[in-house]
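Shown here: protein.txt, compact mmCIF, C-alpha atoms.
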# COMPACT_ATOMS: atom_id res chain seq x y z
CA MET Y 4 -33.73 107.21 -50.25
CA ASP Y 5 -32.66 110.34 -48.46
CA ARG Y 6 -32.44 109.60 -44.76
CA SER Y 7 -31.15 113.07 -44.00
CA ILE Y 8 -34.73 114.33 -44.29
CA SER Y 9 -36.73 113.88 -41.13
CA VAL Y 10 -40.44 114.14 -40.45
CA ILE Y 11 -39.70 117.47 -38.72
CA GLN Y 12 -38.71 118.98 -42.05
CA LEU Y 13 -41.93 117.76 -43.62
CA LEU Y 14 -44.02 119.15 -40.78
CA PRO Y 15 -45.16 122.37 -42.50
CA LEU Y 16 -46.44 120.41 -45.51
CA LEU Y 17 -48.09 117.68 -43.43
CA LEU Y 18 -49.73 120.14 -41.04
CA LYS Y 19 -51.10 122.15 -43.96
CA GLY Y 20 -52.81 118.96 -45.12
CA PHE Y 21 -54.05 118.32 -41.61
CA GLY Y 22 -55.50 121.83 -41.59
CA ILE Y 23 -57.58 121.00 -44.66
CA THR Y 24 -58.73 117.77 -42.99
CA LEU Y 25 -59.86 119.69 -39.91
CA LEU Y 26 -61.52 122.37 -42.05
CA LEU Y 27 -63.44 119.73 -44.01
CA ALA Y 28 -64.49 118.01 -40.79
CA ALA Y 29 -65.56 121.32 -39.22
CA VAL Y 30 -67.63 122.31 -42.27
CA ALA Y 31 -69.26 118.87 -42.54
CA ILE Y 32 -70.05 118.70 -38.81
CA GLY Y 33 -71.24 122.32 -38.58
CA LEU Y 34 -73.45 122.33 -41.67
CA GLY Y 35 -74.40 118.69 -41.05
CA ALA Y 36 -75.64 119.64 -37.58
CA VAL Y 37 -77.82 122.44 -38.99
CA PHE Y 38 -79.29 120.42 -41.88
CA GLY Y 39 -79.43 117.28 -39.75
CA THR Y 40 -81.50 119.06 -37.09
CA LEU Y 41 -83.88 120.47 -39.70
CA LEU Y 42 -84.26 117.11 -41.45
CA GLY Y 43 -84.55 115.26 -38.14
CA SER Y 44 -87.39 117.51 -37.00
CA LEU Y 45 -89.08 117.06 -40.37
CA TYR Y 46 -88.69 113.31 -40.04
CA ALA Y 47 -90.06 113.20 -36.50
CA TRP Y 48 -92.99 115.52 -37.06
CA GLY Y 49 -93.51 115.39 -40.80
CA GLY Y 50 -96.28 113.73 -42.76
CA ARG Y 51 -96.23 110.26 -44.20
CA VAL Y 52 -94.75 111.22 -47.58
CA VAL Y 53 -91.94 113.27 -46.04
CA ARG Y 54 -91.09 110.44 -43.69
CA ALA Y 55 -91.06 107.88 -46.50
CA VAL Y 56 -88.76 110.01 -48.65
CA LEU Y 57 -86.36 110.72 -45.79
CA PHE Y 58 -86.37 107.07 -44.78
CA MET Y 59 -85.46 106.07 -48.31
CA LEU Y 60 -82.65 108.62 -48.54
CA VAL Y 61 -81.11 107.70 -45.20
CA THR Y 62 -81.33 104.00 -46.04
CA ILE Y 63 -79.37 104.61 -49.24
CA VAL Y 64 -76.81 106.83 -47.48
CA ARG Y 65 -76.26 104.15 -44.85
CA GLY Y 66 -76.26 101.21 -47.24
CA VAL Y 67 -73.72 102.49 -49.75
CA PRO Y 68 -70.02 103.10 -48.95
CA LEU Y 69 -69.01 106.72 -48.39
CA VAL Y 70 -66.47 106.55 -51.25
CA VAL Y 71 -69.31 105.79 -53.68
CA GLN Y 72 -71.27 108.79 -52.36
CA VAL Y 73 -68.26 111.07 -52.68
CA PHE Y 74 -67.76 109.71 -56.18
CA ALA Y 75 -71.37 110.57 -56.99
CA VAL Y 76 -70.85 114.20 -55.96
CA PHE Y 77 -67.53 114.46 -57.79
CA PHE Y 78 -68.88 113.08 -61.06
CA MET Y 79 -72.53 114.02 -61.01
CA LEU Y 80 -72.28 117.74 -60.28
CA PRO Y 81 -70.10 118.41 -63.36
CA ALA Y 82 -72.58 116.41 -65.47
CA TYR Y 83 -75.17 119.08 -64.59
CA GLY Y 84 -72.70 121.81 -65.44
CA ILE Y 85 -71.95 122.63 -61.80
CA LYS Y 86 -68.21 122.92 -61.33
CA PHE Y 87 -66.57 123.08 -57.93
CA SER Y 88 -62.99 122.71 -56.80
CA ALA Y 89 -62.00 119.33 -55.39
CA VAL Y 90 -62.04 120.64 -51.81
CA SER Y 91 -65.53 122.17 -52.22
CA SER Y 92 -66.88 118.99 -53.80
CA ALA Y 93 -65.45 117.01 -50.90
CA GLY Y 94 -67.06 119.46 -48.47
CA ILE Y 95 -70.43 119.05 -50.18
CA ALA Y 96 -70.22 115.25 -50.20
CA LEU Y 97 -69.20 115.05 -46.54
CA THR Y 98 -71.87 117.58 -45.53
CA LEU Y 99 -74.56 115.52 -47.27
CA PHE Y 100 -73.39 112.39 -45.49
CA ALA Y 101 -73.20 114.17 -42.12
CA SER Y 102 -76.67 115.71 -42.57
CA PHE Y 103 -78.38 112.37 -43.07
CA THR Y 104 -76.55 110.57 -40.29
CA ILE Y 105 -77.23 113.43 -37.87
CA MET Y 106 -80.86 113.47 -39.02
CA GLU Y 107 -81.19 109.90 -37.74
CA ILE Y 108 -79.71 110.87 -34.37
CA VAL Y 109 -81.99 113.91 -34.00
CA ARG Y 110 -85.09 111.94 -34.98
CA GLY Y 111 -84.17 109.21 -32.49
CA GLY Y 112 -83.58 111.83 -29.80
CA ILE Y 113 -86.96 113.45 -30.36
CA GLU Y 114 -88.78 110.12 -30.39
CA VAL Y 115 -87.05 109.03 -27.18
CA VAL Y 116 -89.13 111.52 -25.20
CA PRO Y 117 -92.57 109.96 -24.57
CA LYS Y 118 -95.43 111.87 -26.23
CA ALA Y 119 -97.34 111.70 -22.95
CA GLN Y 120 -94.91 114.22 -21.45
CA MET Y 121 -95.89 116.81 -24.03
CA GLN Y 122 -99.57 116.09 -23.44
CA ALA Y 123 -99.09 116.31 -19.68
CA ALA Y 124 -97.26 119.62 -20.05
CA LEU Y 125 -99.98 121.04 -22.28
CA SER Y 126 -102.69 119.96 -19.84
CA LEU Y 127 -100.77 121.70 -17.05
CA GLY Y 128 -101.02 124.94 -19.01
CA PHE Y 129 -97.58 125.06 -20.64
CA SER Y 130 -97.61 126.57 -24.09
CA TYR Y 131 -96.35 124.32 -26.87
CA HIS Y 132 -93.10 126.28 -27.15
CA GLU Y 133 -92.53 126.32 -23.39
CA ALA Y 134 -93.09 122.58 -23.18
CA MET Y 135 -90.74 122.03 -26.10
CA ARG Y 136 -88.04 124.26 -24.67
CA THR Y 137 -88.16 123.20 -21.04
CA ILE Y 138 -89.30 119.57 -21.20
CA VAL Y 139 -88.87 117.82 -24.53
CA LEU Y 140 -85.70 119.36 -25.99
CA PRO Y 141 -83.48 119.10 -22.88
CA GLN Y 142 -84.22 115.39 -22.61
CA ALA Y 143 -83.89 114.81 -26.34
CA LEU Y 144 -80.58 116.64 -26.44
CA ARG Y 145 -79.21 114.70 -23.50
CA SER Y 146 -79.97 111.38 -25.13
CA MET Y 147 -78.45 112.58 -28.41
CA MET Y 148 -75.15 113.86 -27.02
CA PRO Y 149 -73.14 110.59 -27.03
CA SER Y 150 -74.20 109.75 -30.59
CA LEU Y 151 -73.59 113.31 -31.79
CA VAL Y 152 -70.08 113.36 -30.37
CA ASN Y 153 -69.34 109.92 -31.82
CA GLN Y 154 -70.63 111.08 -35.17
CA GLY Y 155 -68.24 114.04 -34.94
CA VAL Y 156 -65.32 111.66 -34.42
CA PHE Y 157 -66.60 109.55 -37.30
CA MET Y 158 -66.66 112.60 -39.57
CA VAL Y 159 -63.08 113.61 -38.72
CA LYS Y 160 -61.97 110.12 -39.70
CA ALA Y 161 -64.28 109.95 -42.71
CA THR Y 162 -62.64 112.98 -44.33
CA SER Y 163 -59.70 110.69 -45.12
CA VAL Y 164 -61.62 108.96 -47.94
CA VAL Y 165 -61.62 112.12 -50.06
CA SER Y 166 -57.86 111.60 -50.45
CA LEU Y 167 -58.84 108.94 -53.01
CA PHE Y 168 -60.24 111.78 -55.14
CA GLY Y 169 -57.10 113.87 -55.10
CA VAL Y 170 -58.20 116.32 -52.40
CA THR Y 171 -54.96 117.51 -50.83
CA GLU Y 172 -55.95 116.82 -47.25
CA PHE Y 173 -53.82 115.11 -44.59
CA MET Y 174 -53.89 111.57 -45.97
CA TYR Y 175 -53.21 112.64 -49.55
CA VAL Y 176 -50.33 114.93 -48.61
CA SER Y 177 -48.83 112.26 -46.37
CA LYS Y 178 -48.99 109.64 -49.09
CA GLU Y 179 -47.42 112.07 -51.50
CA GLN Y 180 -44.54 112.68 -49.08
CA ILE Y 181 -44.10 108.93 -48.56
CA GLU Y 182 -43.75 108.47 -52.29
CA ARG Y 183 -41.14 111.23 -52.34
CA THR Y 184 -39.12 110.30 -49.26
CA LEU Y 185 -39.98 106.59 -48.76
CA MET Y 186 -40.38 107.26 -45.04
CA GLY Y 187 -43.62 105.28 -44.85
CA PHE Y 188 -43.14 104.17 -41.29
CA GLU Y 189 -42.28 107.56 -39.79
CA ILE Y 190 -44.87 109.53 -41.73
CA MET Y 191 -47.75 107.11 -41.16
CA ALA Y 192 -46.88 106.89 -37.47
CA PHE Y 193 -47.03 110.69 -37.32
CA VAL Y 194 -50.39 110.70 -39.16
CA TRP Y 195 -51.77 108.05 -36.82
CA ILE Y 196 -50.75 110.07 -33.76
CA ALA Y 197 -52.05 113.35 -35.19
CA TYR Y 198 -55.54 111.92 -35.84
CA THR Y 199 -55.53 110.34 -32.40
CA ILE Y 200 -54.65 113.63 -30.70
CA VAL Y 201 -57.72 115.26 -32.27
CA CYS Y 202 -60.13 112.33 -31.92
CA TYR Y 203 -59.23 110.91 -28.52
CA PRO Y 204 -60.54 113.84 -26.43
CA LEU Y 205 -63.80 113.71 -28.38
CA THR Y 206 -64.12 109.94 -27.90
CA ALA Y 207 -63.49 110.41 -24.17
CA LEU Y 208 -66.12 113.16 -24.06
CA GLY Y 209 -68.60 110.87 -25.84
CA ARG Y 210 -67.93 108.17 -23.26
CA ARG Y 211 -68.54 110.61 -20.42
CA PHE Y 212 -71.87 111.62 -21.89
CA GLU Y 213 -72.70 107.93 -22.23
CA GLU Y 214 -71.87 107.20 -18.59
CA HIS Y 215 -73.81 110.25 -17.51
CA LEU Y 216 -76.86 108.87 -19.34
CA LYS Y 217 -76.43 105.41 -17.86
CA GLY Y 218 -76.24 106.98 -14.43
CA ARG Y 219 -79.71 108.35 -15.10
CA GLY Y 220 -80.96 104.96 -16.13
CA GLN Y 221 -81.26 105.89 -19.79
CA THR Y 222 -79.45 104.41 -22.72
CA SER Y 223 -78.18 106.24 -25.74
CA LEU Y 224 -79.55 105.63 -29.19
CA ALA Y 225 -78.09 102.30 -30.16
CA GLY Y 226 -76.21 102.09 -33.38
CA ALA Y 227 -76.42 105.68 -34.59
CA GLY Y 228 -73.08 106.32 -36.18
CA ALA Y 229 -70.46 103.67 -35.71
CA MET T 23 -82.12 117.11 -70.22
CA GLY T 24 -80.91 115.28 -73.28
CA TYR T 25 -79.24 112.49 -71.44
CA HIS T 26 -79.57 109.03 -72.95
CA PHE T 27 -78.99 106.10 -70.71
CA HIS T 28 -76.60 103.68 -72.22
CA PHE T 29 -75.99 100.56 -70.20
CA ALA T 30 -74.30 98.46 -72.91
CA PRO T 31 -70.73 99.05 -71.64
CA ILE T 32 -71.84 97.69 -68.29
CA TRP T 33 -73.36 94.52 -69.72
CA SER T 34 -70.09 93.72 -71.46
CA ALA T 35 -68.27 94.22 -68.14
CA ILE T 36 -70.43 91.72 -66.26
CA PRO T 37 -67.68 89.06 -65.93
CA ASP T 38 -65.39 91.73 -64.41
CA ILE T 39 -68.16 92.87 -62.09
CA TRP T 40 -68.67 89.31 -60.88
CA SER T 41 -65.00 88.88 -60.09
CA ALA T 42 -64.96 92.26 -58.30
CA VAL T 43 -68.00 91.20 -56.26
CA GLY T 44 -66.06 88.03 -55.46
CA VAL T 45 -63.03 90.00 -54.24
CA ALA T 46 -65.19 92.34 -52.15
CA ALA T 47 -67.02 89.35 -50.66
CA LEU T 48 -63.70 87.61 -49.97
CA VAL T 49 -62.38 90.69 -48.16
CA ALA T 50 -65.62 91.01 -46.16
CA LEU T 51 -65.79 87.32 -45.29
CA THR T 52 -62.16 87.41 -44.13
CA ILE T 53 -62.29 90.58 -42.04
CA ILE T 54 -65.64 89.92 -40.35
CA PRO T 55 -64.58 86.66 -38.61
CA LEU T 56 -61.06 88.01 -37.97
CA ALA T 57 -62.35 91.18 -36.30
CA PHE T 58 -64.89 89.11 -34.38
CA GLY T 59 -62.16 86.79 -33.08
CA ILE T 60 -59.86 89.69 -32.18
CA GLY T 61 -62.67 91.63 -30.50
CA THR T 62 -64.03 88.69 -28.51
CA ALA T 63 -60.57 87.64 -27.33
CA ALA T 64 -59.70 91.23 -26.40
CA ALA T 65 -63.01 91.71 -24.57
CA LEU T 66 -62.48 88.51 -22.54
CA ALA T 67 -58.89 89.56 -21.80
CA ALA T 68 -60.08 92.98 -20.64
CA GLU T 69 -62.79 91.42 -18.47
CA TYR T 70 -60.66 88.74 -16.80
CA GLY T 71 -57.07 89.88 -17.30
CA GLY T 72 -54.78 91.67 -14.90
CA ARG T 73 -54.01 95.35 -14.79
CA ARG T 74 -51.47 95.29 -17.57
CA THR T 75 -53.67 93.29 -19.90
CA LYS T 76 -56.51 95.72 -19.30
CA LEU T 77 -54.23 98.67 -20.06
CA ALA T 78 -52.91 97.00 -23.21
CA ILE T 79 -56.46 96.33 -24.47
CA ALA T 80 -57.50 99.91 -23.66
CA ILE T 81 -54.55 101.25 -25.66
CA TYR T 82 -55.36 98.94 -28.56
CA VAL T 83 -59.02 100.06 -28.62
CA GLU T 84 -58.13 103.76 -28.52
CA ALA T 85 -55.42 103.34 -31.17
CA MET T 86 -58.02 101.81 -33.47
CA ARG T 87 -61.03 104.03 -32.76
CA ASN T 88 -59.35 107.40 -33.06
CA SER T 89 -57.89 107.28 -36.55
CA PRO T 90 -59.22 106.32 -40.00
CA SER T 91 -58.82 102.75 -41.17
CA LEU T 92 -56.90 104.13 -44.16
CA VAL T 93 -54.13 105.18 -41.76
CA LYS T 94 -53.66 101.59 -40.65
CA MET T 95 -53.87 100.39 -44.23
CA TYR T 96 -51.09 102.72 -45.41
CA PHE T 97 -49.12 102.08 -42.24
CA ILE T 98 -49.04 98.36 -43.01
CA PHE T 99 -48.61 98.71 -46.76
CA LEU T 100 -46.22 101.67 -46.91
CA GLY T 101 -44.78 101.68 -43.40
CA LEU T 102 -43.85 98.07 -42.72
CA PRO T 103 -41.51 97.86 -45.74
CA SER T 104 -39.19 100.16 -43.73
CA LEU T 105 -38.87 97.24 -41.29
CA GLY T 106 -38.22 94.75 -44.08
CA LEU T 107 -41.78 93.39 -44.24
CA PHE T 108 -43.60 93.54 -47.55
CA PRO T 109 -47.27 92.60 -47.11
CA SER T 110 -49.38 92.26 -50.27
CA PRO T 111 -52.08 94.87 -50.94
CA PHE T 112 -54.80 92.32 -50.17
CA TRP T 113 -53.36 91.31 -46.81
CA SER T 114 -52.47 94.90 -45.87
CA GLY T 115 -56.08 95.87 -46.43
CA VAL T 116 -57.48 92.81 -44.68
CA ILE T 117 -55.25 93.09 -41.61
CA ALA T 118 -55.82 96.84 -41.29
CA LEU T 119 -59.61 96.52 -41.55
CA ALA T 120 -59.70 93.54 -39.18
CA LEU T 121 -57.61 95.34 -36.55
CA HIS T 122 -59.48 98.62 -36.98
CA ASN T 123 -62.93 97.09 -36.62
CA GLY T 124 -61.69 94.65 -33.99
CA GLY T 125 -61.43 97.71 -31.73
CA TYR T 126 -65.14 98.43 -32.15
CA VAL T 127 -66.04 94.75 -31.70
CA THR T 128 -64.03 94.72 -28.45
CA GLU T 129 -66.11 97.56 -27.04
CA ILE T 130 -69.39 95.96 -28.11
CA VAL T 131 -68.59 92.49 -26.74
CA ARG T 132 -67.39 94.07 -23.49
CA GLY T 133 -70.77 95.71 -23.16
CA GLY T 134 -72.40 92.33 -23.79
CA LEU T 135 -70.21 90.61 -21.18
CA ALA T 136 -71.08 93.28 -18.63
CA ALA T 137 -74.77 92.57 -19.20
CA VAL T 138 -74.39 88.90 -18.19
CA ASN T 139 -75.12 88.39 -14.53
CA ARG T 140 -71.99 87.75 -12.47
CA THR T 141 -73.73 85.19 -10.28
CA GLU T 142 -74.07 82.90 -13.30
CA VAL T 143 -70.29 82.66 -13.52
CA GLN T 144 -70.11 81.82 -9.82
CA ALA T 145 -72.90 79.27 -10.13
CA ALA T 146 -71.12 77.60 -13.07
CA ALA T 147 -67.87 77.49 -11.11
CA SER T 148 -69.61 75.88 -8.14
CA LEU T 149 -71.09 73.28 -10.50
CA GLY T 150 -67.58 72.36 -11.62
CA PHE T 151 -67.49 74.14 -14.98
CA SER T 152 -64.04 75.13 -16.12
CA TRP T 153 -63.48 78.81 -16.98
CA PHE T 154 -63.38 77.97 -20.67
CA ASP T 155 -66.60 75.92 -20.54
CA THR T 156 -68.32 78.63 -18.53
CA GLN T 157 -67.48 81.21 -21.19
CA ARG T 158 -68.30 78.95 -24.10
CA THR T 159 -71.62 77.56 -22.90
CA ILE T 160 -72.97 80.20 -20.52
CA VAL T 161 -71.46 83.67 -20.75
CA LEU T 162 -70.63 84.20 -24.43
CA PRO T 163 -73.94 82.92 -25.87
CA GLN T 164 -75.79 85.45 -23.73
CA ALA T 165 -73.26 88.25 -24.22
CA LEU T 166 -73.31 87.82 -28.00
CA ARG T 167 -77.09 87.77 -28.05
CA PHE T 168 -77.08 91.14 -26.26
CA SER T 169 -74.43 92.45 -28.65
CA LEU T 170 -75.90 91.21 -31.90
CA PRO T 171 -77.70 94.40 -33.00
CA SER T 172 -74.57 96.52 -32.46
CA LEU T 173 -72.37 93.85 -34.03
CA THR T 174 -74.60 93.85 -37.09
CA ASN T 175 -74.05 97.62 -37.44
CA VAL T 176 -70.29 97.17 -37.34
CA TRP T 177 -70.42 94.27 -39.79
CA VAL T 178 -72.42 96.37 -42.24
CA GLU T 179 -69.78 99.10 -41.84
CA MET T 180 -67.14 96.48 -42.58
CA ILE T 181 -68.85 95.41 -45.80
CA LYS T 182 -68.80 99.06 -46.88
CA ASP T 183 -65.18 99.40 -45.74
CA THR T 184 -64.10 96.78 -48.28
CA SER T 185 -64.37 99.64 -50.80
CA LEU T 186 -61.39 101.33 -49.10
CA THR T 187 -59.03 98.54 -50.11
CA SER T 188 -59.20 100.01 -53.61
CA ALA T 189 -56.76 102.59 -52.18
CA LEU T 190 -54.17 99.79 -52.30
CA ALA T 191 -55.31 98.75 -55.80
CA VAL T 192 -57.14 95.65 -54.56
CA LYS T 193 -59.41 94.89 -57.50
CA GLU T 194 -62.74 95.00 -55.70
CA LEU T 195 -65.93 96.80 -56.69
CA PHE T 196 -64.96 100.42 -56.19
CA TYR T 197 -61.66 99.88 -57.98
CA LEU T 198 -63.48 98.38 -60.95
CA MET T 199 -66.05 101.18 -60.79
CA THR T 200 -63.46 103.92 -61.21
CA ALA T 201 -61.68 101.91 -63.91
CA LEU T 202 -64.94 101.44 -65.84
CA VAL T 203 -65.83 105.12 -65.53
CA SER T 204 -62.52 106.20 -67.00
CA SER T 205 -62.68 103.65 -69.83
CA THR T 206 -66.37 104.08 -70.77
CA LEU T 207 -67.24 107.56 -69.40
CA ARG T 208 -70.76 106.31 -68.59
CA SER T 209 -70.39 107.54 -65.01
CA PHE T 210 -74.09 107.89 -64.28
CA GLU T 211 -75.07 104.37 -65.30
CA ILE T 212 -72.02 102.85 -63.63
CA LEU T 213 -72.71 104.74 -60.43
CA ILE T 214 -76.31 103.46 -60.32
CA VAL T 215 -75.30 99.85 -60.92
CA PHE T 216 -72.44 99.80 -58.40
CA ALA T 217 -74.36 101.68 -55.73
CA ALA T 218 -77.13 99.13 -56.20
CA ILE T 219 -74.69 96.22 -55.82
CA TYR T 220 -73.29 97.65 -52.58
CA PHE T 221 -76.78 98.43 -51.34
CA ALA T 222 -77.90 94.86 -52.09
CA MET T 223 -74.91 93.41 -50.23
CA THR T 224 -75.37 95.50 -47.08
CA THR T 225 -79.16 95.20 -47.06
CA LEU T 226 -79.23 91.43 -47.59
CA PHE T 227 -76.64 91.02 -44.87
CA ALA T 228 -78.59 93.22 -42.45
CA ILE T 229 -81.80 91.27 -43.17
CA ALA T 230 -80.01 87.95 -42.66
CA MET T 231 -78.67 89.17 -39.31
CA LYS T 232 -82.13 90.36 -38.28
CA ILE T 233 -83.41 86.84 -38.92
CA VAL T 234 -80.56 85.38 -36.84
CA GLU T 235 -81.40 87.90 -34.12
CA LEU T 236 -85.07 86.87 -34.04
CA ARG T 237 -84.24 83.15 -34.18
CA THR T 238 -81.82 83.34 -31.25
CA ARG T 239 -84.02 85.46 -29.04
CA TRP T 240 -85.04 84.20 -25.59
CA LYS T 241 -88.28 82.32 -25.81
What is this structure when it is put down as structure tokens?
Amino acid sequence: MDRSISVIQLLPLLLKGFGITLLLAAVAIGLGAVFGTLLGSLYAWGGRVVRAVLFMLVTIVRGVPLVVQVFAVFFMLPAYGIKFSAVSSAGIALTLFASFTIMEIVRGGIEVVPKAQMQAALSLGFSYHEAMRTIVLPQALRSMMPSLVNQGVFMVKATSVVSLFGVTEFMYVSKEQIERTLMGFEIMAFVWIAYTIVCYPLTALGRRFEEHLKGRGQTSLAGAGA
Amino acid sequence: MGYHFHFAPIWSAIPDIWSAVGVAALVALTIIPLAFGIGTAAALAAEYGGRRTKLAIAIYVEAMRNSPSLVKMYFIFLGLPSLGLFPSPFWSGVIALALHNGGYVTEIVRGGLAAVNRTEVQAAASLGFSWFDTQRTIVLPQALRFSLPSLTNVWVEMIKDTSLTSALAVKELFYLMTALVSSTLRSFEILIVFAAIYFAMTTLFAIAMKIVELRTRWK
């Protein structure tokens, strides 16, 4: 064991891995938000068949561990002749997961606003789009915010599972350096702190949104995300 | 699509699959009560403790919620040896997952405790109940009833989290799954079977908890 090496010297390597972690999280959250909103609207307003299909998909996504889903993307895409790099495959897997979990949040948010409000707005002469923009969406969005932020935190943490598939993100790089330097304690403490520095402000923001909602006598969508 | 399904390698692996299910179930059935105990104790300490206790619990919860459970797993498995402790892969995984999810349980049970009316505690005290009896017979049963739906969500997450212990080479389902794929190359069939096993475990558990929830509801 070479104790003359310190974590400081490993910093460039570790931070490069952390960069990939943050990139993966940003891609999954960004694309997941777009697809999640589209799917959530489809779910809330779609026909019976669409709803049944989406319900089935989200039930599977929520009932099977994320590692198994990532595994599916890593091993199934090549079987169809689609070849991606490890990082891209990880991005695809995490985006799929984020899309379906955000879909649930968006659907819940839309359904939280009573239908009677839309009817009332229409009878007062609002156009459908005006009513949507000024009455339904602001309320839906407000009730979704805590869950959306929590899901963001969840995604940052969830990126760590792709290290099991050899993606050279933060966890993988750190483990590699532990095997090289045997500084398990120092390196894992650093990793723990680094994740916390990114996630804590988001968690705190989520809690503020939550309290804001409670202050208005509403509750957030229970159980969306974890 | 000329793909031919070929499940035979899986049938011959059934004894291994059973033992992997057993390991996954053992991990789940160890971490769920552990995390529940940790979370309930921490929530009570945060509710009734002094300033320092409250601060300590708050730090614990944030330390757990803001990093992946894998971090804690590697910290225990690869980090503690620096201090002369050498936990086994199984216990590293179990302790990490119990502590990690204990943080979430703490938050949930705290919410449940807050929902119990304060005057009930005062009434119990005036009737001569000890603090412990008050919690055991009056506050916790109600608090846990309020918390049950959220607790069920966390417990389902915990069942899925057992798959992460494969990172420490604990021979549970996901570990066996990757081993079978590399030895048989029937990745599609193996994926279907193992996803179905996980799905069955989480779904049956969620249904069982729903029944408990309905049975324990206020009449």
Proximity of chain T to chain Y: per-residue shortest pair, 8 Å limit, all atoms listed in the file, as a Markdown table:
| residue | atom | partner | partner_atom | distance |
| --- | --- | --- | --- | --- |
| T:Glu84 | CA | Y:Tyr203 | CA | 7.2 |
| T:Ala85 | CA | Y:Thr199 | CA | 7.1 |
| T:Asn88 | CA | Y:Thr199 | CA | 4.9 |
| T:Ser89 | CA | Y:Tyr198 | CA | 5.2 |
| T:Pro90 | CA | Y:Lys160 | CA | 4.7 |
| T:Leu92 | CA | Y:Ser163 | CA | 7.2 |
| T:Val93 | CA | Y:Trp195 | CA | 6.2 |
| T:Lys94 | CA | Y:Trp195 | CA | 7.7 |
| T:Tyr96 | CA | Y:Met191 | CA | 7.0 |
| T:Phe97 | CA | Y:Met191 | CA | 5.3 |
| T:Leu100 | CA | Y:Gly187 | CA | 4.9 |
| T:Gly101 | CA | Y:Phe188 | CA | 3.7 |
| T:Leu102 | CA | Y:Phe188 | CA | 6.3 |
| T:Pro103 | CA | Y:Gly187 | CA | 7.8 |
| T:Ser104 | CA | Y:Phe188 | CA | 6.1 |
| T:Pro171 | CA | Y:Gly226 | CA | 7.8 |
| T:Ser172 | CA | Y:Gly226 | CA | 5.9 |
| T:Asn175 | CA | Y:Gly226 | CA | 6.4 |
| T:Val176 | CA | Y:Ala229 | CA | 6.7 |
| T:Val178 | CA | Y:Gly66 | CA | 7.9 |
| T:Glu179 | CA | Y:Ala229 | CA | 7.7 |
| T:Lys182 | CA | Y:Pro68 | CA | 4.7 |
| T:Asp183 | CA | Y:Pro68 | CA | 6.9 |
| T:Ser185 | CA | Y:Pro68 | CA | 6.9 |
| T:Leu186 | CA | Y:Val70 | CA | 7.6 |
| T:Ala189 | CA | Y:Leu167 | CA | 6.7 |
| T:Phe196 | CA | Y:Val71 | CA | 7.4 |
| T:Ser209 | CA | Y:Phe78 | CA | 7.0 |
| T:Phe210 | CA | Y:Met79 | CA | 7.1 |
| T:Leu213 | CA | Y:Ala75 | CA | 6.9 |
| T:Ala217 | CA | Y:Val67 | CA | 6.1 |
| T:Tyr220 | CA | Y:Val67 | CA | 5.6 |
| T:Phe221 | CA | Y:Gly66 | CA | 5.0 |
| T:Thr224 | CA | Y:Gly66 | CA | 5.8 |
| T:Thr225 | CA | Y:Gly66 | CA | 6.7 |
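Every protein, DNA or RNA residue with an atom at most 12 Å from Y:Gln122, where all atoms listed in the file count and chain neighbours fewer than 4 positions away do not, is listed here: Val116, Pro117, Lys118, Ser126, Leu127, Gly128, Phe129, Ser130, Tyr131, Ala134, Met135, Ile138 and Val139 of chain Y.
In this model, the gap between atom CA of T:His26 and atom CA of T:Thr200 comes to 20.6 Å.
Between atom CA of Y:Phe58 and atom CA of T:Thr184 the interatomic distance comes to 24.8 Å.
Between atom CA of Y:Val30 and atom CA of Y:Phe100 lies a distance of 11.9 Å.
Among the candidate residues Y:Thr184, Y:Ser102, Y:Gln142, Y:Thr40, the one lying nearest to Y:Met121 is Y:Gln142, with distances computed using only C-alpha atoms.
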All file atoms of stretch 31-46 of chain T boxed axis-aligned, 8 Å per side, centre plus edges, as JSON:
{"center_x": -68.2, "center_y": 93.5, "center_z": -61.9, "size_x": 26.3, "size_y": 27.0, "size_z": 35.5}
All residues 10 Å or closer to T:Leu166, all atoms listed in the file, same chain fewer than 5 positions away omitted, as a list of chain:residue names | T:Thr62, T:Ile130, T:Val131, T:Arg132, T:Gly133, T:Gly134, T:Leu135, T:Val138, T:Val161, T:Pro171, T:Ser172, T:Leu173
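Using only C-alpha atoms, the protein and nucleic acid residues lying no more than 10 Å from Y:Ile95, apart from those fewer than 5 places from it along its own chain, are Leu27, Val30, Ala31, Leu34, Gly35, Val73, Val76, Phe77, Phe87, Ala89, Val90, Phe100 and Ala101 of chain Y.
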Neighbours of stretch 38-52 of chain T within 10 Å (all atoms listed in the file; same-chain residues fewer than 5 positions away dropped), as a ChimeraX atom specification?
-> /T:32-33,57,112-113,115-117,119-120,177-178,180-185,187-188,192-199,202,216,219-220,223
Between Y:Pro149, Y:Gly49, Y:Gly218, Y:Gly209, smallest distance to Y:Gly112 by all atoms listed in the file belongs to Y:Pro149
